[in-house]
Amino acid sequence: MNRSFFLSIICVLFISLTSFINPTPRVCVVPKSPHADLIKWKVDKVHTTIKFSVSHMVVAEQEGSFKVFDGTVEHSKADWSDASVKFSIDIQSINTDNEYRDKHLKSDDFFNAEKYPTATFTSTSFTPKGNNQYELKGNLTIRDITRPVVFDVRFGGVLKTSKGEKAGFKATTTINRFDYNLQWSKVTEAGGLIAGKEVEITAKLEFDKVL
């Protein structure tokens with residue numbers, strides 16, 4: 001039975017019994033559920049992209065993306081300052097437009113997608129910085145290694161449509177792939193890493209409000 005409904009029944013019985021003793025009108029206040037005003041959003045997978053880039057041969061950059069992912073945001077405050085973000089990525093969906101390179105990235109030299117098929121992010125804070133800018137802190141897990149990361153986030157706003165409300169964000173960060181045991185480290189003849197250690201992550205996110 002719903003807790004609020006149960007408390008309402010108790011209040012009604014209490015008022016009925018006490019009305020015989022004291023005819024003064026009474027008002028029964030039912031405690032509000034702490035999640036009553038929680039607003040929930042689910043990522044729109046069709047209009048969201050998760051991309052990364054890393055230096056290649058020192059002088060260039062190589063980009064890639066993940067095609068399969070899921071994510072949610074929950075908050076109760078109008079400024080989103082209490083937002084809770086959860087995201088997951090299917091490592092097998094990595095795509096750099098090169099089958100051989102994708103296979104290598106899925107191997108134990110990098111992600112070991114067979115053993116560690118999912119990367120996850122769970123937020124710990126979402127702090128407004130003004131002018132629709134936020135600082136998103138949380139824990140990123142890759143290959144079962146969890147480390148704290150900080151995203152710079154730009155909030156695009158909320159739009160009401162005939163199909164419901166939408167919210168948009170752009171989140172960026174840079175991680176050291178060696179921190180997550182993505183250890184492949186072959187070097188060029190000059191001694192630089194063929195694949196750089198720093199990986200830039202850019203997520204362009206669109207969310208649908210859950211009704």
# chains A, B, ... in the order shown; residues from 1 in each chain; ligands from 1
>>> select_by_dssp(residues="stretch 27-110 of chain A", states="strand (DSSP E or B)", output="number ranges by chain")
A: 39-43, 49-56, 60-66, 69-75, 84-90, 94-95
>>> write_last_selection(atoms="N, CA and C atoms", output="tab-separated table (two decimals), in the first residue's frame")
chain	number	residue	atom	x	y	z
A	39	ILE	N	12.26	15.33	-10.56
A	39	ILE	CA	12.09	15.40	-12.02
A	39	ILE	C	13.10	14.46	-12.66
A	40	LYS	N	12.61	13.62	-13.56
A	40	LYS	CA	13.48	12.62	-14.16
A	40	LYS	C	13.60	12.84	-15.67
A	41	TRP	N	14.80	12.60	-16.19
A	41	TRP	CA	15.10	12.73	-17.61
A	41	TRP	C	15.83	11.49	-18.09
A	42	LYS	N	15.55	11.11	-19.34
A	42	LYS	CA	16.22	9.95	-19.95
A	42	LYS	C	16.87	10.39	-21.26
A	43	VAL	N	18.08	9.93	-21.49
A	43	VAL	CA	18.82	10.37	-22.66
A	43	VAL	C	18.10	10.00	-23.96
A	49	THR	N	25.49	12.28	-28.84
A	49	THR	CA	26.74	11.70	-29.33
A	49	THR	C	27.78	11.69	-28.21
A	50	ILE	N	28.52	10.58	-28.12
A	50	ILE	CA	29.61	10.43	-27.17
A	50	ILE	C	30.89	10.21	-27.98
A	51	LYS	N	31.74	11.23	-28.02
A	51	LYS	CA	32.94	11.15	-28.85
A	51	LYS	C	34.20	11.33	-28.01
A	52	PHE	N	35.31	10.86	-28.58
A	52	PHE	CA	36.61	11.03	-27.93
A	52	PHE	C	37.65	11.32	-29.01
A	53	SER	N	38.74	11.93	-28.60
A	53	SER	CA	39.86	12.16	-29.52
A	53	SER	C	41.17	12.00	-28.78
A	54	VAL	N	42.18	11.53	-29.50
A	54	VAL	CA	43.49	11.29	-28.91
A	54	VAL	C	44.54	11.61	-29.97
A	55	SER	N	45.70	12.09	-29.52
A	55	SER	CA	46.75	12.41	-30.49
A	55	SER	C	47.26	11.13	-31.14
A	56	HIS	N	47.64	11.26	-32.42
A	56	HIS	CA	48.15	10.12	-33.18
A	56	HIS	C	49.46	10.51	-33.84
A	60	ALA	N	49.10	14.55	-35.08
A	60	ALA	CA	47.72	14.57	-35.57
A	60	ALA	C	46.78	14.08	-34.46
A	61	GLU	N	45.49	14.03	-34.79
A	61	GLU	CA	44.49	13.53	-33.84
A	61	GLU	C	43.60	12.50	-34.52
A	62	GLN	N	43.17	11.53	-33.73
A	62	GLN	CA	42.23	10.52	-34.20
A	62	GLN	C	40.98	10.58	-33.34
A	63	GLU	N	39.82	10.58	-34.01
A	63	GLU	CA	38.55	10.64	-33.30
A	63	GLU	C	37.83	9.30	-33.33
A	64	GLY	N	36.96	9.12	-32.37
A	64	GLY	CA	36.10	7.94	-32.34
A	64	GLY	C	34.85	8.24	-31.55
A	65	SER	N	33.95	7.27	-31.48
A	65	SER	CA	32.70	7.47	-30.75
A	65	SER	C	32.20	6.13	-30.22
A	66	PHE	N	31.22	6.23	-29.35
A	66	PHE	CA	30.50	5.05	-28.87
A	66	PHE	C	29.05	5.17	-29.34
A	69	PHE	N	24.70	3.45	-25.67
A	69	PHE	CA	24.84	4.03	-24.33
A	69	PHE	C	23.46	4.26	-23.74
A	70	ASP	N	23.44	4.62	-22.46
A	70	ASP	CA	22.19	4.94	-21.78
A	70	ASP	C	22.51	5.90	-20.65
A	71	GLY	N	21.53	6.72	-20.27
A	71	GLY	CA	21.78	7.67	-19.21
A	71	GLY	C	20.53	8.32	-18.68
A	72	THR	N	20.60	8.77	-17.43
A	72	THR	CA	19.48	9.45	-16.78
A	72	THR	C	19.99	10.63	-15.96
A	73	VAL	N	19.09	11.58	-15.75
A	73	VAL	CA	19.33	12.69	-14.84
A	73	VAL	C	18.09	12.85	-13.96
A	74	GLU	N	18.32	13.07	-12.66
A	74	GLU	CA	17.23	13.34	-11.73
A	74	GLU	C	17.56	14.57	-10.91
A	75	HIS	N	16.56	15.44	-10.71
A	75	HIS	CA	16.78	16.64	-9.89
A	75	HIS	C	15.45	17.14	-9.38
A	84	SER	N	21.42	14.46	-10.19
A	84	SER	CA	22.14	13.19	-10.10
A	84	SER	C	22.20	12.58	-11.50
A	85	VAL	N	23.40	12.32	-11.96
A	85	VAL	CA	23.61	11.84	-13.33
A	85	VAL	C	24.17	10.42	-13.30
A	86	LYS	N	23.59	9.55	-14.11
A	86	LYS	CA	24.11	8.21	-14.27
A	86	LYS	C	24.20	7.89	-15.76
A	87	PHE	N	25.33	7.29	-16.15
A	87	PHE	CA	25.53	7.01	-17.56
A	87	PHE	C	26.29	5.70	-17.72
A	88	SER	N	25.97	4.97	-18.77
A	88	SER	CA	26.68	3.73	-19.08
A	88	SER	C	26.95	3.66	-20.58
A	89	ILE	N	28.08	3.05	-20.93
A	89	ILE	CA	28.50	2.95	-22.33
A	89	ILE	C	28.88	1.51	-22.65
A	90	ASP	N	28.40	1.02	-23.77
A	90	ASP	CA	28.74	-0.31	-24.26
A	90	ASP	C	30.06	-0.21	-25.02
A	94	ILE	N	32.29	0.77	-29.75
A	94	ILE	CA	33.29	1.76	-30.16
A	94	ILE	C	33.44	1.78	-31.67
A	95	ASN	N	33.60	2.98	-32.23
A	95	ASN	CA	33.64	3.12	-33.69
A	95	ASN	C	34.60	4.23	-34.07
>>> residues_around(residues="A:Glu114", least_positions_apart="2", cutoff="12 Å", atoms="only C-alpha atoms", output="PyMOL selection string")
chain A and resi 90-93+103+105-108+110-112+116-118+143
>>> atom_distance(atom1="atom CA of A:Lys204", atom2="atom CA of A:Arg147")
21.9 Å
>>> residues_around(residues="stretch 168-177 of chain A", least_positions_apart="5", cutoff="8 Å", atoms="only C-alpha atoms", output="list in words")
Val149, Val150, Phe151, Asp152, Val153, Arg154, Phe155, Gly156, Gly157, Val158, Leu182, Gln183, Lys197, Glu198, Val199, Glu200, Ile201, Thr202, Ala203, Lys204, Leu205, Glu206 and Phe207 of chain A
>>> atom_distance(atom1="atom CA of A:Thr161", atom2="atom CA of A:Asp44")
13.9 Å
>>> select_by_dssp(residues="stretch 20-209 of chain A", states="alpha helix (DSSP H)", output="number ranges by chain")
A: 99-106
>>> write_last_selection(atoms="N, CA and C atoms", output="JSON list (two decimals), in the first residue's frame")
[["chain", "number", "residue", "atom", "x", "y", "z"],
["A", 99, "GLU", "N", 37.80, -0.92, -39.08],
["A", 99, "GLU", "CA", 37.52, -2.19, -38.42],
["A", 99, "GLU", "C", 38.73, -2.74, -37.67],
["A", 100, "TYR", "N", 39.91, -2.66, -38.29],
["A", 100, "TYR", "CA", 41.12, -3.18, -37.64],
["A", 100, "TYR", "C", 41.41, -2.40, -36.36],
["A", 101, "ARG", "N", 41.32, -1.07, -36.43],
["A", 101, "ARG", "CA", 41.60, -0.24, -35.26],
["A", 101, "ARG", "C", 40.58, -0.49, -34.16],
["A", 102, "ASP", "N", 39.30, -0.63, -34.54],
["A", 102, "ASP", "CA", 38.26, -0.91, -33.54],
["A", 102, "ASP", "C", 38.52, -2.22, -32.82],
["A", 103, "LYS", "N", 38.94, -3.22, -33.58],
["A", 103, "LYS", "CA", 39.24, -4.53, -32.99],
["A", 103, "LYS", "C", 40.40, -4.40, -32.00],
["A", 104, "HIS", "N", 41.40, -3.61, -32.37],
["A", 104, "HIS", "CA", 42.55, -3.40, -31.48],
["A", 104, "HIS", "C", 42.12, -2.69, -30.19],
["A", 105, "LEU", "N", 41.25, -1.70, -30.32],
["A", 105, "LEU", "CA", 40.79, -0.96, -29.14],
["A", 105, "LEU", "C", 39.97, -1.85, -28.20],
["A", 106, "LYS", "N", 39.29, -2.84, -28.75],
["A", 106, "LYS", "CA", 38.50, -3.76, -27.93],
["A", 106, "LYS", "C", 39.37, -4.83, -27.26]]
>>> closest_residue(among="A:Ser81, A:Ala195, A:Phe178, A:Glu189", to="A:Gly130", atoms="only C-alpha atoms")
A:Ser81
>>> closest_residue(among="A:Lys115, A:Lys166, A:Thr146, A:Trp80", to="A:Gln133", atoms="only C-alpha atoms")
A:Trp80
